[in-house]
file coords.tsv (TSV, C-alpha atoms)
chain	number	residue	atom	x	y	z
A	1028	MET	CA	8.26	-12.76	12.68
A	1029	HIS	CA	11.13	-13.97	10.49
A	1030	CYS	CA	14.40	-12.02	10.71
A	1031	SER	CA	16.28	-13.01	7.56
A	1032	THR	CA	17.64	-10.41	5.19
A	1033	GLY	CA	19.06	-11.27	1.83
A	1034	ALA	CA	17.85	-14.85	2.16
A	1035	LYS	CA	17.06	-15.19	-1.53
A	1036	ALA	CA	20.65	-14.34	-2.36
A	1037	GLY	CA	21.76	-17.25	-0.19
A	1038	ARG	CA	23.73	-15.36	2.47
A	1039	ARG	CA	23.18	-13.20	5.51
A	1040	VAL	CA	24.33	-9.58	5.51
A	1041	SER	CA	25.45	-7.44	8.43
A	1042	SER	CA	25.19	-3.87	7.16
A	1043	VAL	CA	22.24	-2.54	5.18
A	1044	ALA	CA	21.38	0.87	3.71
A	1045	VAL	CA	17.61	1.28	3.41
A	1046	LEU	CA	16.76	4.08	0.98
A	1047	ASP	CA	13.87	6.56	1.10
A	1048	THR	CA	12.64	7.59	4.54
A	1049	ILE	CA	9.54	9.13	2.94
A	1050	HIS	CA	8.35	5.70	1.82
A	1051	GLY	CA	9.03	3.46	4.79
A	1052	ALA	CA	12.82	3.07	5.09
A	1053	GLU	CA	12.70	3.72	8.84
A	1054	ILE	CA	10.16	0.95	9.43
A	1055	ILE	CA	12.21	-1.57	7.45
A	1056	ALA	CA	15.49	-0.55	9.08
A	1057	ARG	CA	13.97	-0.71	12.57
A	1058	ARG	CA	12.68	-4.23	11.95
A	1059	MET	CA	16.11	-5.29	10.67
A	1060	GLU	CA	17.73	-3.86	13.81
A	1061	GLU	CA	15.26	-5.81	15.94
A	1062	CYS	CA	16.43	-8.91	14.11
A	1063	GLY	CA	20.09	-8.18	14.80
A	1064	THR	CA	21.05	-6.74	11.41
A	1065	GLN	CA	22.78	-3.38	11.34
A	1066	ALA	CA	20.63	-1.12	9.15
A	1067	GLU	CA	20.43	2.59	8.46
A	1068	PRO	CA	17.49	4.46	6.86
A	1069	LEU	CA	18.60	7.12	4.37
A	1070	GLU	CA	16.83	10.17	2.99
A	1071	VAL	CA	17.58	10.14	-0.74
A	1072	TYR	CA	15.98	13.21	-2.30
A	1073	HIS	CA	17.91	16.08	-0.69
A	1074	HIS	CA	21.09	14.48	0.64
A	1075	THR	CA	23.63	11.94	-0.58
A	1076	THR	CA	25.30	9.49	1.81
A	1077	SER	CA	28.29	7.30	1.02
A	1078	LEU	CA	27.32	3.65	0.56
A	1079	GLU	CA	30.87	2.27	0.73
A	1080	GLY	CA	30.41	0.74	4.17
A	1081	PHE	CA	27.19	-1.11	3.34
A	1082	GLU	CA	26.97	-4.65	2.03
A	1083	LEU	CA	23.33	-4.48	0.89
A	1084	VAL	CA	21.15	-1.64	-0.43
A	1085	VAL	CA	17.38	-1.81	-0.11
A	1086	SER	CA	15.60	0.54	-2.51
A	1087	PRO	CA	11.96	1.31	-3.34
A	1088	VAL	CA	11.02	0.10	-6.80
A	1089	HIS	CA	9.78	3.55	-7.82
A	1090	LEU	CA	13.14	5.28	-7.23
A	1091	SER	CA	14.71	6.65	-10.41
A	1092	PRO	CA	17.92	4.91	-11.55
A	1093	ALA	CA	19.31	8.44	-11.89
A	1094	ASN	CA	19.08	8.95	-8.14
A	1095	PRO	CA	22.64	9.54	-6.83
A	1096	HIS	CA	22.35	6.70	-4.30
A	1097	LEU	CA	21.37	4.12	-6.91
A	1098	MET	CA	24.05	5.39	-9.29
A	1099	GLN	CA	26.60	5.11	-6.48
A	1100	ALA	CA	25.41	1.59	-5.57
A	1101	LYS	CA	25.84	0.49	-9.18
A	1102	HIS	CA	29.30	2.06	-9.42
A	1103	LEU	CA	30.39	0.34	-6.19
A	1104	GLY	CA	28.93	-3.00	-7.26
A	1105	LYS	CA	26.58	-3.18	-4.28
A	1106	ARG	CA	23.83	-5.76	-4.13
A	1107	VAL	CA	20.44	-4.00	-4.43
A	1108	ILE	CA	17.03	-5.47	-3.57
A	1109	THR	CA	13.60	-3.84	-3.46
A	1110	HIS	CA	11.61	-2.79	-0.40
A	1111	HIS	CA	9.13	-5.47	-1.44
A	1112	GLN	CA	11.71	-8.27	-1.27
A	1113	ALA	CA	13.15	-7.08	2.04
A	1114	VAL	CA	9.72	-6.89	3.66
A	1115	GLY	CA	8.73	-10.28	2.30
A	1116	GLU	CA	11.79	-11.84	3.94
A	1117	LEU	CA	11.23	-9.99	7.22
A	1118	VAL	CA	7.68	-11.31	7.61
A	1119	ALA	CA	8.21	-14.70	5.95
A	1120	SER	CA	7.70	-16.77	9.09
A	1121	LEU	CA	4.26	-15.55	10.12
A	1122	PRO	CA	2.29	-18.45	11.66
A	1123	ASP	CA	0.90	-21.00	9.22
A	1124	GLY	CA	-2.53	-20.50	10.79
A	1125	LEU	CA	-2.65	-16.92	9.49
A	1126	LEU	CA	-3.90	-16.74	5.89
A	1127	LYS	CA	-2.06	-13.93	4.11
A	1128	ILE	CA	-3.49	-12.16	1.03
A	1129	GLU	CA	-1.76	-9.44	-1.00
A	1130	VAL	CA	-3.61	-7.14	-3.41
A	1131	THR	CA	-2.00	-4.94	-6.06
A	1132	GLY	CA	-2.85	-3.50	-9.48
A	1133	THR	CA	-3.30	-0.24	-11.37
A	1134	HIS	CA	-6.81	0.34	-9.99
A	1135	SER	CA	-9.49	-1.15	-7.69
A	1136	LYS	CA	-6.94	-2.28	-5.08
A	1137	THR	CA	-8.60	-0.73	-2.04
A	1138	THR	CA	-12.12	-1.72	-3.03
A	1139	THR	CA	-11.05	-5.31	-3.76
A	1140	ALA	CA	-9.28	-5.65	-0.41
A	1141	LEU	CA	-12.24	-4.19	1.49
A	1142	LEU	CA	-14.81	-6.33	-0.32
A	1143	LEU	CA	-12.78	-9.46	0.28
A	1144	ALA	CA	-12.43	-8.58	3.98
A	1145	MET	CA	-16.18	-7.99	4.19
A	1146	ILE	CA	-16.96	-11.36	2.59
A	1147	LEU	CA	-14.42	-13.44	4.52
A	1148	SER	CA	-15.26	-11.84	7.88
A	1149	GLY	CA	-18.56	-13.69	7.79
A	1150	GLN	CA	-16.66	-16.73	9.05
A	1151	LYS	CA	-13.19	-15.53	10.03
A	1152	ARG	CA	-11.50	-12.77	12.02
A	1153	VAL	CA	-9.92	-10.52	9.36
A	1154	LEU	CA	-7.45	-7.66	9.55
A	1155	SER	CA	-7.22	-5.46	6.46
A	1156	HIS	CA	-4.54	-2.95	5.60
A	1157	THR	CA	-5.62	-0.46	2.90
A	1158	THR	CA	-5.50	3.27	2.26
A	1159	ARG	CA	-8.28	3.48	4.88
A	1160	GLY	CA	-5.83	2.15	7.51
A	1161	LEU	CA	-5.71	-0.98	9.64
A	1162	GLU	CA	-9.20	-2.36	10.25
A	1163	LEU	CA	-10.41	-5.40	12.15
A	1164	TRP	CA	-13.42	-7.10	10.56
A	1165	SER	CA	-16.09	-9.32	12.05
A	1166	GLN	CA	-19.43	-10.23	10.43
A	1167	ALA	CA	-18.90	-7.69	7.60
A	1168	ARG	CA	-18.32	-4.82	10.05
A	1169	ALA	CA	-14.99	-3.03	10.32
A	1170	ARG	CA	-13.41	-1.36	13.35
A	1171	LEU	CA	-10.63	1.12	12.60
A	1172	LEU	CA	-7.49	0.37	14.60
A	1173	ARG	CA	-5.09	2.83	12.98
A	1174	ALA	CA	-5.47	5.41	10.23
A	1175	GLY	CA	-2.88	7.20	8.16
A	1176	LEU	CA	-0.69	4.32	6.98
A	1177	SER	CA	0.56	4.38	3.41
A	1178	ILE	CA	0.37	1.28	1.24
A	1179	THR	CA	4.12	1.15	0.69
A	1180	PRO	CA	5.60	-2.32	1.35
A	1181	ALA	CA	7.02	-1.23	4.71
A	1182	SER	CA	3.52	-0.89	6.16
A	1183	VAL	CA	3.07	-4.66	5.73
A	1184	ILE	CA	5.43	-5.08	8.69
A	1185	LEU	CA	3.10	-3.01	10.89
A	1186	ALA	CA	0.02	-4.78	9.53
A	1187	ALA	CA	1.55	-8.20	10.24
A	1188	GLN	CA	2.42	-7.19	13.79
A	1189	GLU	CA	-1.13	-5.94	14.34
A	1190	ALA	CA	-2.62	-9.12	12.87
A	1191	LEU	CA	-0.69	-11.16	15.42
A	1192	ALA	CA	-1.67	-8.84	18.28
A	1193	GLN	CA	-5.36	-9.04	17.31
A	1194	GLU	CA	-5.23	-12.81	16.80
A	1195	ALA	CA	-6.57	-12.39	13.27
A	1196	GLU	CA	-7.09	-15.47	11.13
A	1197	ILE	CA	-6.72	-13.63	7.81
A	1198	LEU	CA	-4.48	-10.70	6.88
A	1199	ILE	CA	-5.32	-8.77	3.69
A	1200	CYS	CA	-2.79	-6.15	2.54
A	1201	GLU	CA	-3.18	-3.61	-0.25
A	1202	ILE	CA	0.32	-2.89	-1.56
A	1203	SER	CA	1.53	-0.42	-4.16
A	1204	LEU	CA	3.65	-1.62	-7.07
A	1205	GLY	CA	3.74	-5.35	-6.40
A	1206	GLY	CA	3.61	-8.04	-3.74
A	1207	THR	CA	6.21	-8.80	-1.08
A	1208	GLY	CA	6.02	-12.57	-1.48
A	1209	MET	CA	4.57	-13.14	1.99
A	1210	GLY	CA	1.08	-13.95	0.71
A	1211	ASN	CA	-0.55	-17.35	0.41
A	1212	LEU	CA	-2.76	-15.68	-2.20
A	1213	GLY	CA	-2.01	-12.80	-4.55
A	1214	VAL	CA	-4.61	-10.69	-6.33
A	1215	LEU	CA	-3.72	-8.62	-9.43
A	1216	THR	CA	-6.70	-6.32	-9.91
A	1217	SER	CA	-5.80	-4.83	-13.31
A	1218	PHE	CA	-3.06	-3.56	-15.62
A	1219	THR	CA	-5.25	-1.06	-17.50
A	1220	ASN	CA	-4.23	2.60	-17.43
A	1221	ASP	CA	-0.62	1.55	-16.87
A	1222	TYR	CA	1.83	4.34	-16.07
A	1223	ARG	CA	5.55	5.00	-15.87
A	1224	ILE	CA	7.54	4.99	-12.62
A	1225	ALA	CA	11.19	5.31	-11.57
A	1226	GLY	CA	11.80	8.48	-13.52
A	1227	GLY	CA	10.02	7.03	-16.55
A	1228	SER	CA	12.42	4.09	-16.77
A	1229	LYS	CA	9.85	1.30	-16.24
A	1230	TRP	CA	6.13	0.54	-16.32
A	1231	ALA	CA	4.18	0.18	-13.08
A	1232	SER	CA	2.86	-3.17	-14.33
A	1233	THR	CA	6.43	-4.50	-14.50
A	1234	ALA	CA	6.94	-3.62	-10.84
A	1235	LYS	CA	3.61	-5.16	-9.90
A	1236	LEU	CA	4.77	-8.47	-11.35
A	1237	GLN	CA	6.94	-8.79	-8.23
A	1238	MET	CA	3.82	-10.51	-6.95
A	1239	LEU	CA	4.91	-13.42	-9.14
A	1240	SER	CA	8.70	-13.17	-8.96
A	1241	LEU	CA	8.75	-12.99	-5.14
A	1242	ALA	CA	5.89	-15.44	-4.53
A	1243	GLN	CA	6.55	-18.23	-2.06
A	1244	ARG	CA	6.29	-21.86	-3.12
A	1245	GLY	CA	2.68	-23.08	-3.08
A	1246	SER	CA	1.08	-19.64	-3.19
A	1247	ARG	CA	-1.87	-19.02	-5.52
A	1248	LEU	CA	-2.73	-16.14	-7.86
A	1249	VAL	CA	-5.93	-14.65	-9.22
A	1250	ALA	CA	-5.64	-11.92	-11.86
A	1251	ASN	CA	-7.71	-9.75	-14.13
A	1252	ALA	CA	-7.86	-11.11	-17.65
A	1253	ASP	CA	-6.45	-7.75	-18.83
A	1254	CYS	CA	-3.12	-8.65	-17.18
A	1255	ARG	CA	-2.59	-11.25	-19.95
A	1256	ILE	CA	-0.83	-13.74	-17.70
A	1257	SER	CA	-1.75	-17.27	-16.65
A	1258	PRO	CA	-3.08	-17.17	-13.07
A	1259	ASP	CA	-4.79	-19.95	-11.16
A	1260	ILE	CA	-8.09	-18.13	-11.79
A	1261	SER	CA	-8.79	-15.16	-14.08
A	1262	PHE	CA	-11.62	-12.71	-13.54
A	1263	ALA	CA	-13.50	-9.76	-15.07
A	1264	GLU	CA	-14.36	-9.45	-18.77
A	1265	GLY	CA	-12.83	-12.40	-20.60
A	1266	GLY	CA	-12.02	-14.22	-17.36
A	1267	GLN	CA	-13.36	-17.35	-15.70
A	1268	ILE	CA	-15.30	-15.39	-13.09
A	1269	ARG	CA	-17.06	-12.08	-13.62
A	1270	ALA	CA	-19.66	-9.91	-11.96
A	1271	ASN	CA	-22.75	-8.55	-13.67
A	1272	PRO	CA	-25.19	-6.10	-12.04
A	1273	ASP	CA	-27.54	-8.96	-11.16
A	1274	GLY	CA	-25.26	-11.99	-10.91
A	1275	LEU	CA	-21.90	-13.65	-10.33
A	1276	VAL	CA	-20.91	-15.73	-13.35
A	1277	TYR	CA	-18.64	-18.76	-12.89
A	1278	GLY	CA	-18.17	-20.10	-16.40
A	1279	GLU	CA	-21.58	-21.60	-17.22
A	1280	GLU	CA	-22.85	-21.26	-13.65
A	1281	ARG	CA	-24.60	-18.12	-12.43
A	1282	HIS	CA	-25.53	-16.97	-8.92
A	1283	ARG	CA	-28.00	-14.13	-8.43
A	1284	LEU	CA	-26.69	-10.86	-6.96
A	1285	SER	CA	-28.97	-8.48	-5.10
A	1286	LEU	CA	-26.95	-5.28	-4.77
A	1287	SER	CA	-28.26	-1.92	-3.57
A	1288	GLU	CA	-30.00	0.15	-6.24
A	1289	ASP	CA	-27.75	3.05	-5.22
A	1290	LEU	CA	-24.54	1.17	-6.00
A	1291	ASP	CA	-22.59	2.62	-8.92
A	1292	PHE	CA	-21.92	-0.85	-10.34
A	1293	PRO	CA	-19.34	0.10	-13.03
A	1294	SER	CA	-17.12	1.53	-10.28
A	1295	TYR	CA	-17.24	-1.77	-8.40
A	1296	GLN	CA	-17.40	-4.38	-11.17
A	1297	THR	CA	-13.68	-5.19	-11.16
A	1298	ALA	CA	-13.50	-5.39	-7.36
A	1299	ILE	CA	-16.57	-7.63	-7.04
A	1300	SER	CA	-15.17	-9.93	-9.73
A	1301	ALA	CA	-11.76	-10.02	-8.04
A	1302	ALA	CA	-13.19	-10.69	-4.58
A	1303	ALA	CA	-15.37	-13.49	-5.95
A	1304	ALA	CA	-12.35	-15.06	-7.67
A	1305	ALA	CA	-10.28	-14.86	-4.49
A	1306	ALA	CA	-13.10	-16.40	-2.44
A	1307	GLU	CA	-13.40	-19.16	-5.06
A	1308	ILE	CA	-9.75	-20.14	-4.82
A	1309	LEU	CA	-10.05	-20.15	-1.02
A	1310	GLY	CA	-12.86	-22.66	-1.31
A	1311	TRP	CA	-15.82	-20.49	-0.35
A	1312	GLU	CA	-19.26	-21.66	-1.44
A	1313	ARG	CA	-20.42	-19.56	-4.38
A	1314	GLY	CA	-23.92	-18.95	-3.10
A	1315	GLU	CA	-22.48	-17.77	0.22
A	1316	VAL	CA	-20.33	-15.17	-1.58
A	1317	ALA	CA	-23.41	-13.82	-3.37
A	1318	ARG	CA	-25.33	-13.69	-0.08
A	1319	ARG	CA	-22.54	-11.75	1.61
A	1320	LEU	CA	-22.89	-9.07	-1.10
A	1321	GLU	CA	-26.65	-8.70	-0.66
A	1322	GLY	CA	-27.66	-5.04	-0.33
A	1323	PHE	CA	-24.08	-3.80	-0.81
A	1324	SER	CA	-24.18	-0.05	-1.51
A	1325	GLY	CA	-20.49	0.81	-1.77
A	1326	PHE	CA	-17.73	2.19	0.45
A	1327	PRO	CA	-17.33	5.85	1.44
A	1328	GLY	CA	-15.20	7.74	-1.05
A	1329	ARG	CA	-15.68	5.20	-3.83
A	1330	MET	CA	-18.71	6.57	-5.67
A	1331	LYS	CA	-20.84	6.01	-2.60
A	1332	ILE	CA	-24.35	7.46	-3.02
A	1333	GLU	CA	-26.10	8.53	0.17
A	1334	GLN	CA	-29.11	10.57	1.23
A	1335	LYS	CA	-28.10	13.09	3.91
A	1336	GLY	CA	-30.34	15.79	5.34
A	1337	GLY	CA	-32.62	15.95	2.32
A	1338	ARG	CA	-29.79	16.00	-0.21
A	1339	THR	CA	-28.13	13.38	-2.40
A	1340	VAL	CA	-24.38	13.07	-1.84
A	1341	PHE	CA	-22.15	11.40	-4.42
A	1342	ASP	CA	-18.87	10.66	-2.64
A	1343	SER	CA	-15.94	9.81	-4.90
A	1344	SER	CA	-13.06	11.26	-2.89
A	1345	ASN	CA	-10.23	8.76	-2.45
A	1346	SER	CA	-6.48	8.35	-2.84
A	1347	GLY	CA	-6.71	6.60	-6.20
A	1348	LEU	CA	-8.92	9.22	-7.88
A	1349	LYS	CA	-8.02	10.03	-11.48
A	1350	VAL	CA	-9.45	12.50	-13.98
A	1351	GLY	CA	-11.25	9.66	-15.76
A	1352	ASP	CA	-13.02	8.87	-12.48
A	1353	VAL	CA	-14.14	12.51	-12.21
A	1354	ARG	CA	-15.54	12.34	-15.73
A	1355	ARG	CA	-17.45	9.14	-14.95
A	1356	ALA	CA	-18.80	10.71	-11.78
A	1357	LEU	CA	-20.11	13.69	-13.74
A	1358	ASP	CA	-21.72	11.32	-16.23
A	1359	LYS	CA	-23.41	9.54	-13.33
A	1360	VAL	CA	-24.83	12.64	-11.63
A	1361	GLN	CA	-26.16	14.51	-14.66
A	1362	GLY	CA	-28.97	16.89	-13.76
A	1363	HIS	CA	-29.76	20.28	-12.21
A	1364	ASP	CA	-28.75	21.88	-8.90
A	1365	LEU	CA	-25.34	20.22	-8.66
A	1366	THR	CA	-22.63	21.51	-6.33
A	1367	MET	CA	-19.20	20.01	-6.96
A	1368	VAL	CA	-16.12	19.90	-4.72
A	1369	VAL	CA	-13.15	18.75	-6.79
A	1370	GLY	CA	-9.35	18.71	-6.71
A	1371	GLU	CA	-6.58	17.35	-4.50
A	1372	ASP	CA	-5.79	17.51	-0.81
A	1373	ALA	CA	-2.05	17.82	-1.34
A	1374	ARG	CA	-1.19	17.26	2.31
A	1375	THR	CA	-2.45	13.68	2.19
A	1376	VAL	CA	-1.37	12.29	-1.19
A	1377	CYS	CA	2.02	11.64	-2.78
A	1378	GLU	CA	0.91	11.58	-6.40
A	1379	GLY	CA	-1.40	14.45	-7.33
A	1380	MET	CA	-4.03	14.81	-10.03
A	1381	ASP	CA	-3.24	15.53	-13.67
A	1382	ILE	CA	-4.14	19.22	-13.31
A	1383	PRO	CA	-4.05	20.19	-17.02
A	1384	LEU	CA	-6.35	17.28	-17.88
A	1385	LEU	CA	-8.67	18.07	-14.96
A	1386	ALA	CA	-8.82	21.73	-15.99
A	1387	GLU	CA	-9.76	20.68	-19.51
A	1388	LEU	CA	-12.55	18.48	-18.16
A	1389	LEU	CA	-13.92	21.21	-15.90
A	1390	ARG	CA	-13.98	23.75	-18.76
A	1391	GLU	CA	-15.77	21.20	-20.94
A	1392	ARG	CA	-18.40	20.34	-18.29
A	1393	ARG	CA	-18.69	23.66	-16.40
A	1394	ALA	CA	-22.23	24.36	-17.65
A	1395	GLU	CA	-23.43	21.18	-15.88
A	1396	ILE	CA	-22.24	22.39	-12.47
A	1397	GLY	CA	-24.11	24.97	-10.41
A	1398	GLU	CA	-21.51	25.84	-7.77
A	1399	LEU	CA	-17.93	24.70	-8.22
A	1400	ILE	CA	-15.37	24.56	-5.41
A	1401	LEU	CA	-11.74	23.86	-6.31
A	1402	VAL	CA	-9.55	22.18	-3.71
A	1403	GLY	CA	-5.78	22.57	-3.58
A	1404	GLU	CA	-3.23	25.23	-4.43
A	1405	ARG	CA	-2.60	23.96	-7.96
A	1406	LEU	CA	-6.23	24.57	-8.95
A	1407	ARG	CA	-6.49	28.02	-7.36
A	1408	PRO	CA	-5.31	29.90	-10.50
A	1409	LEU	CA	-8.26	28.43	-12.44
A	1410	ALA	CA	-10.91	29.85	-10.12
A	1411	ALA	CA	-11.55	33.11	-11.99
A	1412	GLN	CA	-11.95	31.58	-15.45
A	1413	LEU	CA	-14.16	28.78	-14.09
A	1414	GLY	CA	-16.25	31.03	-11.86
A	1415	ALA	CA	-15.35	28.87	-8.88
A	1416	LYS	CA	-14.63	29.20	-5.18
A	1417	THR	CA	-11.43	27.75	-3.70
A	1418	ALA	CA	-10.54	25.73	-0.63
A	1419	LYS	CA	-7.23	24.62	0.83
A	1420	ASP	CA	-8.37	21.07	1.63
A	1421	LEU	CA	-11.31	18.67	1.52
A	1422	SER	CA	-12.69	19.77	4.88
A	1423	GLU	CA	-12.83	23.44	3.90
A	1424	GLY	CA	-14.31	22.53	0.52
A	1425	LEU	CA	-17.18	20.64	2.17
A	1426	GLU	CA	-17.77	23.51	4.62
A	1427	LYS	CA	-18.11	25.98	1.74
A	1428	ALA	CA	-20.41	23.58	-0.12
A	1429	GLU	CA	-22.72	23.40	2.91
A	1430	LEU	CA	-23.25	27.17	2.81
A	1431	SER	CA	-25.17	26.84	-0.47
A	1432	SER	CA	-27.48	24.12	0.93
A	1433	PRO	CA	-27.07	21.97	-2.20
A	1434	LYS	CA	-29.73	19.46	-3.18
A	1435	ARG	CA	-27.09	17.36	-4.97
A	1436	LEU	CA	-23.42	17.30	-3.95
A	1437	LEU	CA	-20.57	15.61	-5.82
A	1438	CYS	CA	-17.31	15.31	-3.89
A	1439	ALA	CA	-14.33	14.24	-6.02
A	1440	VAL	CA	-11.09	15.13	-4.22
A	1441	LYS	CA	-7.93	13.05	-4.36
A	1442	CYS	CA	-7.09	12.35	-0.74
A	1443	PHE	CA	-6.65	9.69	1.91
A	1444	ARG	CA	-9.82	9.14	3.92
call {"tool": "encode", "arguments": {"input": "coords.tsv", "output": "structure tokens"}}
result
Amino acid sequence: MHCSTGAKAGRRVSSVAVLDTIHGAEIIARRMEECGTQAEPLEVYHHTTSLEGFELVVSPVHLSPANPHLMQAKHLGKRVITHHQAVGELVASLPDGLLKIEVTGTHSKTTTALLLAMILSGQKRVLSHTTRGLELWSQARARLLRAGLSITPASVILAAQEALAQEAEILICEISLGGTGMGNLGVLTSFTNDYRIAGGSKWASTAKLQMLSLAQRGSRLVANADCRISPDISFAEGGQIRANPDGLVYGEERHRLSLSEDLDFPSYQTAISAAAAAAEILGWERGEVARRLEGFSGFPGRMKIEQKGGRTVFDSSNSGLKVGDVRRALDKVQGHDLTMVVGEDARTVCEGMDIPLLAELLRERRAEIGELILVGERLRPLAAQLGAKTAKDLSEGLEKAELSSPKRLLCAVKCFR
């Protein structure tokens, strides 16, 4: 892979400080060292290191400008680039035969990446990197190669290395807060429910626009119409391509969709639209895209509905879960005999749930839930007033739910799967 650092600034650097070991600094620094550039990963939340001896500072886009390291870099007049830019330069020379796709947005990133991998693997060997991990796809079936990777930009380095090792023809990467610029195709899934980052100093959508600012010459972009930009193809409501429960709509042309009756379509509408738009720009035949989606019933953890041992399980536990998703899940599963496991598995996620808002929802809807099991330490104090059991993590929550032999089980825990 390419070994340039600081290429966009027009000169090579010899000493680099890579900030934030929690979010991939060690991976980036190690790759730089392999390329002959002196680099040091720095922990930035509990210690402060002098930056005087460094020529370049590489910082995650979410880091607050009030962080002592960034304040010091500004005072010293150091050149600062994002993790995204550094990674994009480090993987810039991946073989031309490898099609590279980056996916970012405020929601539906994982589902879009997985759906696109499923569709494209009908003809190509695909490696996907999402919150589920690194997976190798063939004929719509995925084989897990490595779990536990975050979707920080640094993980793209590991995904690219694995794509080469597996001789993949397509690499699809889900990335938080923007693209690295390595992609031949970028997908912006949505800007709705935007939120503040970097100590409240900027919007997440602004960071995600790195997908445009860092894009390589000749790359293409598909984007949700709600992003209000001018992509090569827009999708979803108001866009050029959109998915309905029974069809893919391409302007005036419509192709019939035959999805599983158990699919919670509203949870997948954006992702299906985005995947169809990406396949369109890649030149896939429209009818073939619709055929690849035939019988699709959803992915585990993303409002997947399954029948297990005589009970109906509604699985909505994933890393991107928000309180609004929990509300929609409750709307979907209305009825009697419901056991609900809800909360956050704090050991596996960086950004937790909005606990006050979740507590308000659970008080409002408590009468609809038979047995309630709260997951995570931050929800434990609510157990008495909600008449609920508690569990330290998702696994324990599901074990306690099994003891009641529920006929209907809703699992909505924020966690990596």
call {"tool": "residues_around", "arguments": {"input": "coords.tsv", "residues": "range 1205-1218 of chain A", "least_positions_apart": "4", "cutoff": "7 Å", "atoms": "only C-alpha atoms", "output": "PyMOL selection string"}}
result
chain A and resi 1111-1112+1114-1115+1118-1119+1126-1136+1180+1232+1234-1238+1241-1243+1246-1251+1253-1254+1301
call {"tool": "residues_around", "arguments": {"input": "coords.tsv", "residues": "Gly1175 in chain A", "least_positions_apart": "2", "cutoff": "7 Å", "atoms": "all atoms listed in the file", "output": "mmCIF file with C-alpha atoms, in the coordinates of the input"}}
result
data_model
loop_
_atom_site.group_PDB
_atom_site.id
_atom_site.type_symbol
_atom_site.label_atom_id
_atom_site.label_comp_id
_atom_site.auth_asym_id
_atom_site.auth_seq_id
_atom_site.Cartn_x
_atom_site.Cartn_y
_atom_site.Cartn_z
ATOM 1 C CA GLY A 1160 -5.830 2.150 7.510
ATOM 2 C CA ARG A 1173 -5.090 2.830 12.980
ATOM 3 C CA SER A 1177 0.560 4.380 3.410
#
call {"tool": "closest_residue", "arguments": {"input": "coords.tsv", "among": "A:Thr1366, A:Ser1300, A:Asn1220, A:Ser1155", "to": "Val1350 in chain A", "atoms": "all atoms listed in the file"}}
result
A:Asn1220
call {"tool": "closest_residue", "arguments": {"input": "coords.tsv", "among": "A:Lys1151, A:His1074, A:Lys1349, A:Arg1393", "to": "Leu1365 in chain A", "atoms": "only C-alpha atoms"}}
result
A:Arg1393
call {"tool": "residues_around", "arguments": {"input": "coords.tsv", "residues": "Ser1294 in chain A", "least_positions_apart": "2", "cutoff": "9 Å", "atoms": "only C-alpha atoms", "output": "ChimeraX atom specification"}}
result
/A:1135,1290-1292,1296-1298,1329-1330,1352,1355
call {"tool": "closest_residue", "arguments": {"input": "coords.tsv", "among": "A:Gly1274, A:Pro1383, A:Gly1310, A:Pro1068", "to": "Gly1051 in chain A", "atoms": "all atoms listed in the file"}}
result
A:Pro1068
call {"tool": "axis_aligned_box", "arguments": {"input": "coords.tsv", "around": "range 1199-1210 of chain A", "padding_each_side": "8 Å", "output": "lines of an AutoDock Vina configuration file"}}
result
center_x = 0.4
center_y = -7.2
center_z = -1.7
size_x = 27.5
size_y = 29.5
size_z = 26.8
call {"tool": "closest_residue", "arguments": {"input": "coords.tsv", "among": "A:Gly1314, A:Gly1149, A:Pro1122, A:Gly1245", "to": "Ala1190 in chain A", "atoms": "only C-alpha atoms"}}
result
A:Pro1122
call {"tool": "closest_residue", "arguments": {"input": "coords.tsv", "among": "A:Glu1279, A:Asp1381, A:Asp1364, A:Glu1315", "to": "Leu1348 in chain A", "atoms": "all atoms listed in the file"}}
result
A:Asp1381
call {"tool": "atom_distance", "arguments": {"input": "coords.tsv", "atom1": "CA of Glu1060 in chain A", "atom2": "CA of Thr1048 in chain A"}}
result
15.6 Å
call {"tool": "atom_distance", "arguments": {"input": "coords.tsv", "atom1": "CA of Pro1092 in chain A", "atom2": "CA of Val1107 in chain A"}}
result
11.7 Å
call {"tool": "atom_distance", "arguments": {"input": "coords.tsv", "atom1": "CA of Ala1100 in chain A", "atom2": "CA of Asp1221 in chain A"}}
result
28.4 Å
call {"tool": "closest_residue", "arguments": {"input": "coords.tsv", "among": "A:His1156, A:Arg1269, A:Arg1281, A:Arg1318", "to": "Leu1198 in chain A", "atoms": "only C-alpha atoms"}}
result
A:His1156
call {"tool": "residues_around", "arguments": {"input": "coords.tsv", "residues": "Val1402 in chain A", "least_positions_apart": "5", "cutoff": "7 Å", "atoms": "only C-alpha atoms", "output": "JSON, numbers by chain"}}
result
{"A": [1369, 1370, 1371, 1372, 1417, 1418, 1419, 1420, 1421, 1424]}
call {"tool": "residues_near_point", "arguments": {"input": "coords.tsv", "point": "(-20.6, 25.2, -9.0)", "cutoff": "6 Å", "atoms": "all atoms listed in the file", "output": "PyMOL selection string"}}
result
chain A and resi 1366-1367+1396-1399
call {"tool": "residues_around", "arguments": {"input": "coords.tsv", "residues": "Glu1079 in chain A", "least_positions_apart": "4", "cutoff": "9 Å", "atoms": "only C-alpha atoms", "output": "count of residues only"}}
result
4
